[in-house]
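A.B. asks: Next up, upload_37.cif (mmCIF, C-alpha atoms and all ligand atoms).
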```cif
data_my_file
#
loop_
_atom_site.label_atom_id
_atom_site.label_comp_id
_atom_site.auth_asym_id
_atom_site.auth_seq_id
_atom_site.Cartn_x
_atom_site.Cartn_y
_atom_site.Cartn_z
CA MET A 27 -83.75 25.83 -26.94
CA SER A 28 -84.41 22.81 -24.80
CA ALA A 29 -87.96 21.89 -23.87
CA ALA A 30 -89.14 21.95 -20.25
CA LYS A 31 -87.69 19.05 -18.28
CA VAL A 32 -89.81 15.92 -18.13
CA ASP A 33 -90.92 14.48 -14.82
CA LEU A 34 -90.55 10.71 -15.15
CA ASN A 35 -92.18 10.12 -11.78
CA ALA A 36 -95.36 11.87 -12.86
CA MET A 37 -95.83 9.59 -15.89
CA ASP A 38 -98.14 6.58 -15.86
CA ASP A 39 -97.13 3.27 -17.49
CA ALA A 40 -98.48 4.22 -20.92
CA ALA A 41 -96.68 7.57 -20.87
CA ILE A 42 -93.39 5.94 -19.80
CA GLN A 43 -93.74 3.41 -22.61
CA GLU A 44 -94.36 6.16 -25.16
CA PHE A 45 -91.55 8.32 -23.82
CA MET A 46 -88.96 5.51 -23.83
CA GLU A 47 -89.97 4.62 -27.38
CA SER A 48 -89.53 8.21 -28.51
CA LEU A 49 -85.94 8.47 -27.24
CA PRO A 50 -83.08 8.11 -29.74
CA LYS A 51 -81.37 4.85 -28.86
CA THR A 52 -78.55 2.45 -29.73
CA ASP A 53 -78.52 -1.33 -29.47
CA LEU A 54 -74.93 -2.51 -29.21
CA HIS A 55 -75.67 -6.13 -28.33
CA CYS A 56 -78.19 -7.77 -30.63
CA HIS A 57 -77.90 -11.24 -32.16
CA LEU A 58 -79.25 -11.61 -35.68
CA ASP A 59 -80.34 -15.23 -35.21
CA GLY A 60 -82.06 -14.42 -31.90
CA SER A 61 -83.87 -11.35 -33.19
CA MET A 62 -85.83 -12.45 -36.25
CA ARG A 63 -89.54 -11.78 -36.69
CA ILE A 64 -91.52 -14.84 -35.67
CA SER A 65 -93.70 -14.42 -38.77
CA THR A 66 -90.57 -14.69 -40.91
CA VAL A 67 -89.29 -17.79 -39.10
CA SER A 68 -92.72 -19.35 -39.58
CA GLU A 69 -92.83 -18.49 -43.28
CA LEU A 70 -89.26 -19.59 -44.01
CA ALA A 71 -89.60 -22.82 -42.00
CA SER A 72 -92.60 -23.87 -44.06
CA ILE A 73 -90.88 -23.49 -47.46
CA PRO A 74 -89.85 -26.99 -48.70
CA GLU A 75 -86.47 -25.84 -50.11
CA ASN A 76 -85.51 -24.29 -46.78
CA ARG A 77 -86.63 -27.39 -44.91
CA ALA A 78 -84.68 -29.70 -47.20
CA LEU A 79 -81.51 -27.61 -46.85
CA ALA A 80 -81.88 -27.39 -43.05
CA GLU A 81 -82.32 -31.15 -42.84
CA LYS A 82 -79.29 -31.78 -45.05
CA LEU A 83 -77.24 -29.55 -42.76
CA GLY A 84 -78.43 -31.29 -39.60
CA TYR A 85 -80.98 -28.78 -38.29
CA SER A 86 -84.34 -30.20 -37.38
CA LEU A 87 -87.14 -27.72 -38.03
CA PRO A 88 -90.45 -28.51 -36.29
CA GLU A 89 -93.27 -30.07 -38.33
CA ASP A 90 -95.73 -27.51 -36.99
CA THR A 91 -94.40 -24.17 -38.23
CA SER A 92 -97.35 -22.09 -37.01
CA GLU A 93 -96.44 -18.96 -35.07
CA GLU A 94 -98.25 -20.41 -32.09
CA ASN A 95 -96.11 -23.52 -31.97
CA LEU A 96 -92.89 -21.67 -32.80
CA GLY A 97 -93.70 -19.26 -29.99
CA LYS A 98 -93.50 -22.15 -27.52
CA LEU A 99 -90.16 -23.30 -28.90
CA LEU A 100 -88.56 -19.91 -29.44
CA PHE A 101 -89.55 -18.04 -26.28
CA PRO A 102 -88.00 -20.11 -23.52
CA GLY A 103 -88.65 -17.08 -21.31
CA HIS A 104 -88.41 -17.60 -17.60
CA ASP A 105 -88.91 -21.35 -17.93
CA CYS A 106 -85.46 -22.14 -19.20
CA GLU A 107 -82.98 -23.68 -16.82
CA SER A 108 -79.72 -22.13 -17.97
CA LEU A 109 -77.82 -20.31 -20.70
CA GLU A 110 -77.34 -23.64 -22.50
CA ASP A 111 -81.09 -24.21 -22.47
CA TYR A 112 -81.73 -20.69 -23.76
CA LEU A 113 -79.28 -21.23 -26.63
CA ARG A 114 -81.27 -24.21 -27.98
CA ALA A 115 -83.84 -21.91 -29.59
CA PHE A 116 -81.12 -20.78 -31.98
CA ASP A 117 -81.05 -24.15 -33.73
CA ILE A 118 -84.43 -23.32 -35.28
CA THR A 119 -83.55 -19.80 -36.41
CA CYS A 120 -80.15 -20.89 -37.72
CA GLY A 121 -81.90 -23.71 -39.55
CA VAL A 122 -83.75 -21.20 -41.76
CA LEU A 123 -80.76 -18.88 -42.23
CA GLN A 124 -78.76 -21.03 -44.60
CA ASN A 125 -78.98 -19.08 -47.84
CA PRO A 126 -78.04 -15.48 -48.75
CA GLU A 127 -81.64 -14.38 -49.45
CA ASN A 128 -82.85 -15.39 -46.00
CA LEU A 129 -79.85 -13.84 -44.25
CA GLU A 130 -80.35 -10.58 -46.15
CA ARG A 131 -84.04 -10.54 -45.30
CA ALA A 132 -83.44 -11.23 -41.58
CA ALA A 133 -80.88 -8.41 -41.38
CA TYR A 134 -83.13 -5.96 -43.25
CA GLU A 135 -86.17 -6.75 -41.10
CA LEU A 136 -84.19 -6.48 -37.87
CA ALA A 137 -82.88 -3.04 -38.85
CA MET A 138 -86.39 -1.90 -39.82
CA ASP A 139 -87.85 -3.16 -36.53
CA CYS A 140 -85.18 -1.22 -34.67
CA TYR A 141 -85.89 1.90 -36.73
CA ALA A 142 -89.58 1.65 -35.80
CA GLU A 143 -88.70 2.16 -32.11
CA ASN A 144 -86.22 4.99 -32.71
CA ILE A 145 -83.02 3.00 -32.54
CA TRP A 146 -80.67 5.18 -34.54
CA TYR A 147 -77.68 2.89 -34.42
CA LEU A 148 -77.57 -0.91 -34.31
CA GLU A 149 -74.67 -3.34 -34.01
CA VAL A 150 -75.77 -6.73 -35.32
CA ARG A 151 -73.75 -9.74 -34.25
CA PHE A 152 -73.79 -13.37 -35.32
CA ALA A 153 -71.50 -16.35 -35.91
CA PRO A 154 -70.94 -16.75 -39.68
CA GLN A 155 -69.68 -20.31 -39.12
CA ARG A 156 -73.23 -21.38 -38.33
CA HIS A 157 -74.31 -20.45 -41.86
CA ILE A 158 -71.36 -21.83 -43.83
CA HIS A 159 -71.79 -24.96 -45.95
CA ASP A 160 -70.75 -26.36 -49.32
CA ASP A 161 -72.76 -23.74 -51.24
CA LEU A 162 -72.20 -20.74 -48.97
CA ASP A 163 -68.85 -19.41 -47.76
CA GLY A 164 -68.17 -17.04 -44.88
CA MET A 165 -67.62 -13.98 -47.05
CA GLU A 166 -70.96 -14.53 -48.80
CA VAL A 167 -72.67 -14.82 -45.42
CA LEU A 168 -71.25 -11.44 -44.38
CA ARG A 169 -72.08 -9.87 -47.74
CA ALA A 170 -75.71 -11.00 -47.46
CA VAL A 171 -76.16 -9.49 -43.99
CA ASN A 172 -74.38 -6.33 -45.13
CA ARG A 173 -76.82 -6.02 -48.06
CA GLY A 174 -79.83 -6.32 -45.77
CA LEU A 175 -78.53 -3.63 -43.45
CA GLU A 176 -77.60 -1.38 -46.36
CA LYS A 177 -81.09 -1.69 -47.80
CA ALA A 178 -82.64 -0.60 -44.48
CA GLU A 179 -80.24 2.31 -44.19
CA LYS A 180 -81.09 3.50 -47.72
CA GLU A 181 -84.82 3.06 -47.28
CA THR A 182 -84.84 5.08 -44.07
CA ASP A 183 -82.53 7.74 -45.51
CA GLY A 184 -79.91 7.01 -42.87
CA GLY A 185 -82.52 6.76 -40.11
CA ILE A 186 -81.06 3.44 -39.00
CA ARG A 187 -77.31 3.03 -39.22
CA SER A 188 -75.75 -0.30 -38.48
CA THR A 189 -72.53 -2.26 -38.25
CA ILE A 190 -71.64 -5.95 -37.89
CA ILE A 191 -69.84 -7.77 -35.09
CA VAL A 192 -68.47 -11.18 -36.09
CA CYS A 193 -68.83 -13.77 -33.32
CA ALA A 194 -66.50 -16.66 -32.65
CA MET A 195 -67.73 -19.50 -30.43
CA ARG A 196 -66.11 -20.20 -27.06
CA HIS A 197 -66.60 -23.92 -27.37
CA TYR A 198 -66.21 -26.52 -30.08
CA SER A 199 -68.96 -29.06 -30.61
CA GLU A 200 -70.10 -30.98 -33.65
CA ASP A 201 -73.63 -29.95 -32.69
CA ILE A 202 -73.01 -26.28 -33.40
CA SER A 203 -73.21 -26.50 -37.18
CA PHE A 204 -72.37 -28.29 -40.40
CA TYR A 205 -69.10 -26.32 -40.54
CA HIS A 206 -68.01 -27.69 -37.17
CA ARG A 207 -68.76 -31.27 -38.23
CA LYS A 208 -66.69 -30.73 -41.37
CA VAL A 209 -63.79 -29.52 -39.24
CA ARG A 210 -64.05 -32.68 -37.13
CA ASP A 211 -63.92 -34.84 -40.28
CA VAL A 212 -60.66 -33.22 -41.29
CA TYR A 213 -59.08 -33.31 -37.81
CA PRO A 214 -60.25 -36.60 -36.24
CA PHE A 215 -57.42 -36.69 -33.69
CA SER A 216 -57.59 -33.10 -32.39
CA THR A 217 -59.16 -32.27 -29.05
CA ALA A 218 -62.28 -30.11 -28.78
CA LYS A 219 -60.19 -27.41 -27.13
CA GLU A 220 -57.74 -27.37 -30.05
CA LEU A 221 -60.56 -27.24 -32.59
CA GLY A 222 -62.33 -24.49 -30.62
CA SER A 223 -59.21 -22.35 -30.67
CA HIS A 224 -58.64 -23.00 -34.35
CA CYS A 225 -62.24 -22.26 -35.34
CA SER A 226 -62.11 -18.91 -33.52
CA LEU A 227 -58.83 -18.07 -35.25
CA GLU A 228 -60.38 -18.85 -38.65
CA THR A 229 -63.39 -16.68 -37.79
CA ALA A 230 -61.11 -13.81 -36.78
CA ARG A 231 -59.31 -14.12 -40.13
CA LEU A 232 -62.67 -14.04 -41.90
CA ALA A 233 -63.56 -10.79 -40.11
CA VAL A 234 -60.21 -9.26 -41.01
CA GLU A 235 -60.53 -10.35 -44.65
CA ALA A 236 -64.09 -8.96 -44.87
CA LYS A 237 -62.85 -5.58 -43.76
CA LYS A 238 -60.00 -5.78 -46.27
CA GLN A 239 -62.46 -6.58 -49.04
CA GLY A 240 -64.47 -3.48 -48.26
CA ILE A 241 -67.37 -4.84 -46.23
CA TYR A 242 -67.01 -1.72 -44.12
CA ARG A 243 -69.83 -2.58 -41.73
CA VAL A 244 -67.68 -5.32 -40.17
CA VAL A 245 -66.25 -3.34 -37.25
CA ALA A 246 -65.60 -5.77 -34.43
CA PHE A 247 -65.08 -9.30 -33.17
CA ASP A 248 -66.81 -11.10 -30.31
CA LEU A 249 -66.65 -14.35 -28.37
CA ALA A 250 -70.00 -15.98 -27.61
CA GLY A 251 -71.37 -19.28 -26.26
CA PRO A 252 -71.21 -21.10 -22.92
CA GLU A 253 -68.61 -19.71 -20.51
CA ALA A 254 -67.96 -22.41 -17.91
CA ASN A 255 -64.98 -24.59 -18.99
CA PHE A 256 -64.34 -22.42 -22.05
CA PRO A 257 -62.22 -19.52 -20.80
CA PRO A 258 -61.18 -16.56 -22.97
CA SER A 259 -57.57 -17.74 -22.70
CA HIS A 260 -58.36 -20.53 -25.21
CA HIS A 261 -58.86 -17.82 -27.82
CA THR A 262 -55.81 -15.58 -27.52
CA LYS A 263 -54.60 -16.43 -31.05
CA ALA A 264 -57.87 -15.27 -32.57
CA PHE A 265 -57.77 -12.04 -30.64
CA TYR A 266 -54.10 -11.37 -31.51
CA GLU A 267 -55.21 -11.54 -35.13
CA ILE A 268 -57.84 -8.90 -34.36
CA ILE A 269 -55.50 -6.74 -32.26
CA ASN A 270 -52.86 -6.86 -35.00
CA VAL A 271 -55.17 -5.16 -37.48
CA LEU A 272 -56.48 -2.78 -34.78
CA MET A 273 -60.04 -4.03 -35.05
CA ALA A 274 -62.28 -3.55 -32.01
CA SER A 275 -63.59 -6.37 -29.86
CA THR A 276 -66.20 -7.22 -27.28
CA VAL A 277 -66.47 -10.43 -25.28
CA HIS A 278 -69.47 -12.13 -23.66
CA ALA A 279 -68.20 -12.48 -20.10
CA GLY A 280 -69.47 -12.63 -16.54
CA GLU A 281 -72.84 -13.99 -17.65
CA GLY A 282 -72.57 -17.76 -17.10
CA TYR A 283 -69.33 -17.50 -15.10
CA GLY A 284 -67.73 -15.24 -12.51
CA PRO A 285 -65.45 -12.20 -12.60
CA LYS A 286 -62.42 -14.28 -13.68
CA SER A 287 -64.02 -14.55 -17.10
CA ILE A 288 -64.30 -10.76 -17.34
CA ARG A 289 -60.73 -10.30 -16.11
CA GLU A 290 -59.42 -12.67 -18.77
CA ALA A 291 -61.47 -10.95 -21.48
CA VAL A 292 -59.90 -7.63 -20.57
CA ALA A 293 -56.38 -8.82 -19.72
CA TYR A 294 -55.81 -11.57 -22.31
CA LEU A 295 -58.09 -10.55 -25.16
CA ASN A 296 -57.88 -6.75 -24.82
CA ALA A 297 -61.69 -6.49 -25.00
CA ASN A 298 -62.89 -2.94 -25.70
CA ARG A 299 -66.34 -3.77 -24.32
CA ILE A 300 -67.89 -6.53 -22.23
CA GLY A 301 -71.13 -8.31 -23.06
CA HIS A 302 -73.28 -8.69 -19.89
CA GLY A 303 -70.64 -8.43 -17.12
CA THR A 304 -73.45 -9.43 -14.79
CA ARG A 305 -71.22 -11.01 -12.16
CA VAL A 306 -68.62 -8.26 -11.96
CA LEU A 307 -69.55 -7.43 -8.36
CA ASP A 308 -68.79 -10.99 -7.17
CA GLU A 309 -65.20 -9.84 -6.83
CA GLU A 310 -64.18 -8.46 -3.47
CA GLY A 311 -62.92 -4.89 -3.50
CA HIS A 312 -64.54 -4.14 -6.88
CA GLN A 313 -61.19 -3.54 -8.58
CA LEU A 314 -62.54 -4.91 -11.83
CA LEU A 315 -65.56 -2.62 -11.72
CA HIS A 316 -63.24 0.34 -11.19
CA TYR A 317 -61.03 -0.82 -14.06
CA LEU A 318 -64.00 -0.96 -16.43
CA ARG A 319 -65.09 2.50 -15.31
CA ASP A 320 -61.62 4.08 -15.43
CA HIS A 321 -60.85 2.73 -18.90
CA ARG A 322 -64.33 3.44 -20.24
CA ILE A 323 -64.82 -0.22 -21.14
CA ALA A 324 -68.55 -0.31 -21.71
CA VAL A 325 -70.69 -3.11 -20.34
CA GLU A 326 -73.53 -4.09 -22.68
CA VAL A 327 -76.40 -4.69 -20.26
CA CYS A 328 -79.22 -7.08 -21.24
CA LEU A 329 -81.60 -7.24 -18.27
CA THR A 330 -84.32 -9.60 -19.55
CA SER A 331 -81.83 -11.98 -21.10
CA ASN A 332 -79.91 -12.15 -17.78
CA LEU A 333 -83.12 -13.12 -16.00
CA GLN A 334 -84.01 -15.74 -18.58
CA THR A 335 -80.60 -17.40 -18.70
CA LYS A 336 -80.55 -17.43 -14.89
CA ALA A 337 -77.42 -15.28 -14.76
CA ILE A 338 -79.40 -13.57 -11.98
CA LYS A 339 -82.42 -14.73 -9.99
CA SER A 340 -84.05 -11.32 -9.86
CA LEU A 341 -83.26 -7.77 -10.91
CA ASP A 342 -82.32 -7.02 -7.29
CA GLU A 343 -79.18 -9.07 -7.92
CA HIS A 344 -78.27 -7.14 -11.07
CA PRO A 345 -75.32 -4.73 -10.86
CA TRP A 346 -77.19 -2.14 -12.94
CA ARG A 347 -77.76 0.32 -10.08
CA THR A 348 -74.07 0.07 -9.16
CA PHE A 349 -73.11 0.68 -12.79
CA LEU A 350 -75.20 3.84 -12.86
CA ASP A 351 -73.93 5.11 -9.51
CA SER A 352 -70.28 4.36 -10.35
CA GLU A 353 -70.55 5.91 -13.82
CA VAL A 354 -69.57 2.73 -15.60
CA ARG A 355 -70.64 3.05 -19.22
CA ALA A 356 -73.50 0.57 -19.34
CA PRO A 357 -75.89 1.08 -22.27
CA LEU A 358 -79.04 -1.04 -22.32
CA CYS A 359 -79.23 -3.66 -25.07
CA THR A 360 -81.63 -6.43 -26.09
CA ASP A 361 -79.42 -9.48 -26.76
CA ASN A 362 -82.26 -11.38 -28.51
CA ARG A 363 -85.46 -9.63 -29.46
CA LEU A 364 -87.24 -12.79 -30.60
CA VAL A 365 -85.93 -15.37 -28.14
CA SER A 366 -86.40 -13.02 -25.18
CA GLY A 367 -89.71 -11.69 -26.57
CA ILE A 368 -88.71 -8.03 -26.09
CA THR A 369 -87.86 -4.72 -27.73
CA LEU A 370 -85.27 -2.20 -26.59
CA THR A 371 -88.09 0.07 -25.40
CA HIS A 372 -89.22 -2.81 -23.19
CA GLU A 373 -85.76 -2.91 -21.60
CA TYR A 374 -85.79 0.83 -20.86
CA VAL A 375 -89.26 0.56 -19.33
CA LEU A 376 -88.15 -2.45 -17.25
CA ALA A 377 -85.01 -0.65 -16.05
CA HIS A 378 -87.05 2.39 -15.05
CA LYS A 379 -89.69 0.34 -13.25
CA HIS A 380 -87.14 -1.50 -11.21
CA PHE A 381 -84.24 0.92 -10.75
CA LYS A 382 -85.94 4.31 -11.21
CA PHE A 383 -83.94 6.51 -13.54
CA THR A 384 -83.37 10.16 -12.72
CA ASN A 385 -83.43 12.33 -15.85
CA ASN A 386 -79.66 12.58 -15.74
CA GLU A 387 -79.22 8.80 -15.42
CA LEU A 388 -81.52 8.11 -18.34
CA ARG A 389 -79.76 10.70 -20.48
CA ARG A 390 -76.36 9.28 -19.54
CA THR A 391 -77.46 5.71 -20.35
CA ILE A 392 -78.64 6.76 -23.80
CA LEU A 393 -75.47 8.73 -24.51
CA TYR A 394 -73.22 5.91 -23.26
CA GLY A 395 -74.62 3.86 -26.15
CA PHE A 396 -73.57 6.42 -28.74
CA LYS A 397 -70.20 7.01 -27.07
CA SER A 398 -69.37 3.30 -26.90
CA ALA A 399 -70.40 2.45 -30.48
CA PHE A 400 -67.80 0.78 -32.70
CA ALA A 401 -68.73 3.03 -35.65
CA PRO A 402 -65.90 5.31 -36.84
CA TYR A 403 -65.31 8.35 -34.61
CA SER A 404 -66.65 10.92 -37.09
CA GLU A 405 -69.96 9.05 -37.41
CA ARG A 406 -70.15 8.46 -33.68
CA ARG A 407 -69.60 12.14 -32.92
CA GLU A 408 -72.21 13.19 -35.44
CA MET A 409 -74.78 10.77 -33.97
CA LEU A 410 -73.88 11.80 -30.43
CA LEU A 411 -74.43 15.51 -31.14
CA LYS A 412 -77.73 14.79 -32.85
CA ALA A 413 -78.82 12.57 -29.96
CA LYS A 414 -77.93 15.26 -27.41
CA ASN A 415 -80.08 17.78 -29.30
CA ARG A 416 -82.96 15.35 -29.59
CA LEU A 417 -82.82 14.49 -25.88
CA GLY A 418 -82.94 18.24 -25.14
CA GLU A 419 -86.03 18.59 -27.34
CA LEU A 420 -87.65 15.71 -25.48
CA GLY A 421 -87.00 17.36 -22.11
CA LEU A 422 -84.12 15.21 -20.91
ZN ZN B 501 -75.28 -12.09 -26.44
#
```
Could you render the structure as structure tokens?

C.D. replies:
Amino acid sequence: MSAAKVDLNAMDDAAIQEFMESLPKTDLHCHLDGSMRISTVSELASIPENRALAEKLGYSLPEDTSEENLGKLLFPGHDCESLEDYLRAFDITCGVLQNPENLERAAYELAMDCYAENIWYLEVRFAPQRHIHDDLDGMEVLRAVNRGLEKAEKETDGGIRSTIIVCAMRHYSEDISFYHRKVRDVYPFSTAKELGSHCSLETARLAVEAKKQGIYRVVAFDLAGPEANFPPSHHTKAFYEIINVLMASTVHAGEGYGPKSIREAVAYLNANRIGHGTRVLDEEGHQLLHYLRDHRIAVEVCLTSNLQTKAIKSLDEHPWRTFLDSEVRAPLCTDNRLVSGITLTHEYVLAHKHFKFTNNELRRTILYGFKSAFAPYSERREMLLKAKNRLGELGL
């Protein structure tokens, strides 16, 4: 028996907050290095061994590792100028994630934080290349994150399930990580475009190998990083590798660049989902929007992140209302809990404040998350049925 229907319009801010937190949720777009606890970054950044390793690998951790100071550096918030500016905060978090223990801890804590706000299913993504160095290879990086997620799943008795999305970078730069500088040493005469394509191919092979070796949480591949000048078409080889083993993929597209980027992600890379897709409506005739809807290609929507990276100037410019009205699958996601200073509950509250959900729209948004998950079908179906029951109990 379902409970009486809730009336979202009759709820005050505190009640909306509590209600959104109580809902079963998914987060399909969440970066590990952008979603650490600030207390953990502060603690890890003050340990001499971590500092020495970070320095050796070219990351400069701040002298003042207090939470107050880190807060200023890690929450660029609405003050940042662009996506590139926003991405700078990741140099600090990546600086402390250079050994298996720290990676495991960050993954475990992220899953537990998600569990605390009723996220039932989490897809954690990150770029393993940023954590690879002489004493840590890509497979070990993935194993460490897998262990952290497994520990959270066990401790919560399956209350938080999770999978891993391996990210390749759109661009090549020696500034990205130690790994990228090593690659440059070996290939001094190659162009950045050539190295970018080759690094993404290597990363794709790592994801494929991890799956082969039984790290079953690795379910998908992604392309992240600045969009302008680094089109998806530079990475077709990496995605062929992924397509050939029938692994799923998602691509950050239409965030820092227009609809062409989304078109290429779908047409050249066979993306099963799109990260952000914020500028999909820039295209006349909305053919692309209809394509995403008709083929059930989900758009992972990250409202606060889009505001902070200046993908949009205000929520009025966001295509979210059009997504809802056109029945595009568009689950809400966080992107970066730490760097954006948010939770998933915050994003649901924000969406409701600005776009006003009807009960049906809120229910659909939640269920789109479960339907679009990259978890195996049997697990997805089980979670979906449970979520439907729970939503009924909660009056949705
Ligand atoms: Zn992202």

A.B. asks: Do you have the atom CA of Gly303 of chain A-atom CA of Asp201 of chain A distance handy?

C.D. replies: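 Rounded to one decimal, the two atoms are 26.7 Å apart.
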
A.B. asks: Between atom CA of Pro285 of chain A and atom CA of Val306 of chain A, what is the distance in Å, rounded to a tenth?

C.D. replies: 5.1 Å

A.B. asks: Using only the atoms of segment 311-321 of chain A listed in the file, plus 6 Å on each side, state the axis-aligned box centre and edge lengths in Å rounded to one decimal, as JSON.

C.D. replies:
```
{"center_x": -63.2, "center_y": -0.4, "center_z": -11.2, "size_x": 16.7, "size_y": 21.0, "size_z": 27.4}
```

A.B. asks: Check which residues fall inside 10 Å of ligand ZN 501 (chain B) when counting all atoms listed in the file, and print them as a PyMOL selection string.

C.D. replies: chain A and resi 54-57+60+113+151-152+193+248-251+277-279+281+301-302+326-328+331-332+359-362

A.B. asks: Just want the 10 Å neighbourhood of Ser65 of chain A, counted on all atoms listed in the file, with same-chain residues fewer than 4 positions away dropped. Output as a list in words.

C.D. replies: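 After dropping sequence-adjacent residues, the list is Glu69, Leu70, Ala71, Thr91, Ser92, Glu93 and Leu96 of chain A.
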
A.B. asks: If you measure from atom CA of Ile118 of chain A to atom CA of Val150 of chain A, what distance in Å do you get, rounded to one decimal?

C.D. replies: 18.7 Å

A.B. asks: Can you tell me, as a PyMOL selection string, what residues are no more than 10 Å from His159 of chain A when counting only C-alpha atoms, ignoring any on the same chain fewer than 3 positions away?

C.D. replies: chain A and resi 83+124-125+155-156+162-164+203-206+208

A.B. asks: Compute the distance from (-83.1, -10.1, -34.0) to each atom, counting all atoms listed in the file, keep the residues with any atom at most 8 Å away, and return them as a ChimeraX atom specification; use the coordinates of the file.

C.D. replies: /A:56-63,132-133,136,362-364

A.B. asks: Counting all atoms listed in the file, what is within 12 Å of Trp146 of chain A, bar same-chain residues fewer than 4 positions away, as number ranges by chain?

C.D. replies: A: 47-54, 137-142, 178-179, 182-189, 370, 392-393, 395-396, 399, 405-406, 408-410, 412-413, 416

A.B. asks: For a quick check of understanding, using only C-alpha atoms, which of A:Pro357, A:Pro126, A:Gly222, A:Pro402 has the smallest distance to Val209 of chain A?

C.D. replies: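 Nearest candidate to Val209 of chain A out of A:Pro357, A:Pro126, A:Gly222, A:Pro402: A:Gly222.
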
A.B. asks: Pick from A:Leu329, A:Met273, A:His261, A:Leu295: nearest to Lys238 of chain A, with all atoms listed in the file counted?

C.D. replies: A:Met273

A.B. asks: Taking only C-alpha atoms into account, name the residue in A:Ser352, A:Thr369, A:Thr229, A:Ser340 that is nearest to Ala153 of chain A.

C.D. replies: A:Thr229

A.B. asks: For Leu318 of chain A, work out the shell of residues within 9 Å, counting all atoms listed in the file and skipping chain neighbours fewer than 5 positions away, then give it as a VMD selection string.

C.D. replies: chain A and resid 292 299 to 300 313 323 to 325 354 to 355

A.B. asks: Taking only C-alpha atoms into account, name the residue in A:Glu181, A:Glu220, A:Glu267, A:Glu353 that is nearest to Ala233 of chain A.

C.D. replies: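 That would be A:Glu267, the residue with the smallest distance to Ala233 of chain A.
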
A.B. asks: List the spatial neighbours of Val244 of chain A as a PDB file with C-alpha atoms, in the frame of the given file - criterion: any atom at most 12 Å away, only C-alpha atoms, same-chain residues fewer than 2 positions off excluded.

C.D. replies:
```
ATOM      1  CA  GLU A 149     -74.670  -3.340 -34.010  1.00  0.00           C
ATOM      2  CA  VAL A 150     -75.770  -6.730 -35.320  1.00  0.00           C
ATOM      3  CA  ARG A 151     -73.750  -9.740 -34.250  1.00  0.00           C
ATOM      4  CA  PHE A 152     -73.790 -13.370 -35.320  1.00  0.00           C
ATOM      5  CA  PRO A 154     -70.940 -16.750 -39.680  1.00  0.00           C
ATOM      6  CA  MET A 165     -67.620 -13.980 -47.050  1.00  0.00           C
ATOM      7  CA  VAL A 167     -72.670 -14.820 -45.420  1.00  0.00           C
ATOM      8  CA  LEU A 168     -71.250 -11.440 -44.380  1.00  0.00           C
ATOM      9  CA  ARG A 169     -72.080  -9.870 -47.740  1.00  0.00           C
ATOM     10  CA  VAL A 171     -76.160  -9.490 -43.990  1.00  0.00           C
ATOM     11  CA  ASN A 172     -74.380  -6.330 -45.130  1.00  0.00           C
ATOM     12  CA  LEU A 175     -78.530  -3.630 -43.450  1.00  0.00           C
ATOM     13  CA  SER A 188     -75.750  -0.300 -38.480  1.00  0.00           C
ATOM     14  CA  THR A 189     -72.530  -2.260 -38.250  1.00  0.00           C
ATOM     15  CA  ILE A 190     -71.640  -5.950 -37.890  1.00  0.00           C
ATOM     16  CA  ILE A 191     -69.840  -7.770 -35.090  1.00  0.00           C
ATOM     17  CA  VAL A 192     -68.470 -11.180 -36.090  1.00  0.00           C
ATOM     18  CA  CYS A 193     -68.830 -13.770 -33.320  1.00  0.00           C
ATOM     19  CA  ALA A 230     -61.110 -13.810 -36.780  1.00  0.00           C
ATOM     20  CA  LEU A 232     -62.670 -14.040 -41.900  1.00  0.00           C
ATOM     21  CA  ALA A 233     -63.560 -10.790 -40.110  1.00  0.00           C
ATOM     22  CA  VAL A 234     -60.210  -9.260 -41.010  1.00  0.00           C
ATOM     23  CA  GLU A 235     -60.530 -10.350 -44.650  1.00  0.00           C
ATOM     24  CA  ALA A 236     -64.090  -8.960 -44.870  1.00  0.00           C
ATOM     25  CA  LYS A 237     -62.850  -5.580 -43.760  1.00  0.00           C
ATOM     26  CA  LYS A 238     -60.000  -5.780 -46.270  1.00  0.00           C
ATOM     27  CA  GLN A 239     -62.460  -6.580 -49.040  1.00  0.00           C
ATOM     28  CA  GLY A 240     -64.470  -3.480 -48.260  1.00  0.00           C
ATOM     29  CA  ILE A 241     -67.370  -4.840 -46.230  1.00  0.00           C
ATOM     30  CA  TYR A 242     -67.010  -1.720 -44.120  1.00  0.00           C
ATOM     31  CA  ALA A 246     -65.600  -5.770 -34.430  1.00  0.00           C
ATOM     32  CA  PHE A 247     -65.080  -9.300 -33.170  1.00  0.00           C
ATOM     33  CA  ASP A 248     -66.810 -11.100 -30.310  1.00  0.00           C
ATOM     34  CA  ILE A 268     -57.840  -8.900 -34.360  1.00  0.00           C
ATOM     35  CA  MET A 273     -60.040  -4.030 -35.050  1.00  0.00           C
ATOM     36  CA  ALA A 274     -62.280  -3.550 -32.010  1.00  0.00           C
ATOM     37  CA  SER A 275     -63.590  -6.370 -29.860  1.00  0.00           C
ATOM     38  CA  PHE A 400     -67.800   0.780 -32.700  1.00  0.00           C
ATOM     39  CA  ALA A 401     -68.730   3.030 -35.650  1.00  0.00           C
ATOM     40  CA  PRO A 402     -65.900   5.310 -36.840  1.00  0.00           C
TER      41      PRO A 402
END
```

A.B. asks: Go through A:Leu422, A:Ala40, A:Leu34, A:Val122 and flag the residue nearest Ser72 of chain A, using all atoms listed in the file for the distances.

C.D. replies: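 Of A:Leu422, A:Ala40, A:Leu34, A:Val122, the one nearest Ser72 of chain A, counting all atoms listed in the file, is A:Val122.
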
A.B. asks: Using only C-alpha atoms, which of the listed residues (A:Gly282, A:Pro258, A:Gly311, A:Gly418) sits closest to Ala297 of chain A?

C.D. replies: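 Among the listed residues, A:Pro258 lies closest to Ala297 of chain A.
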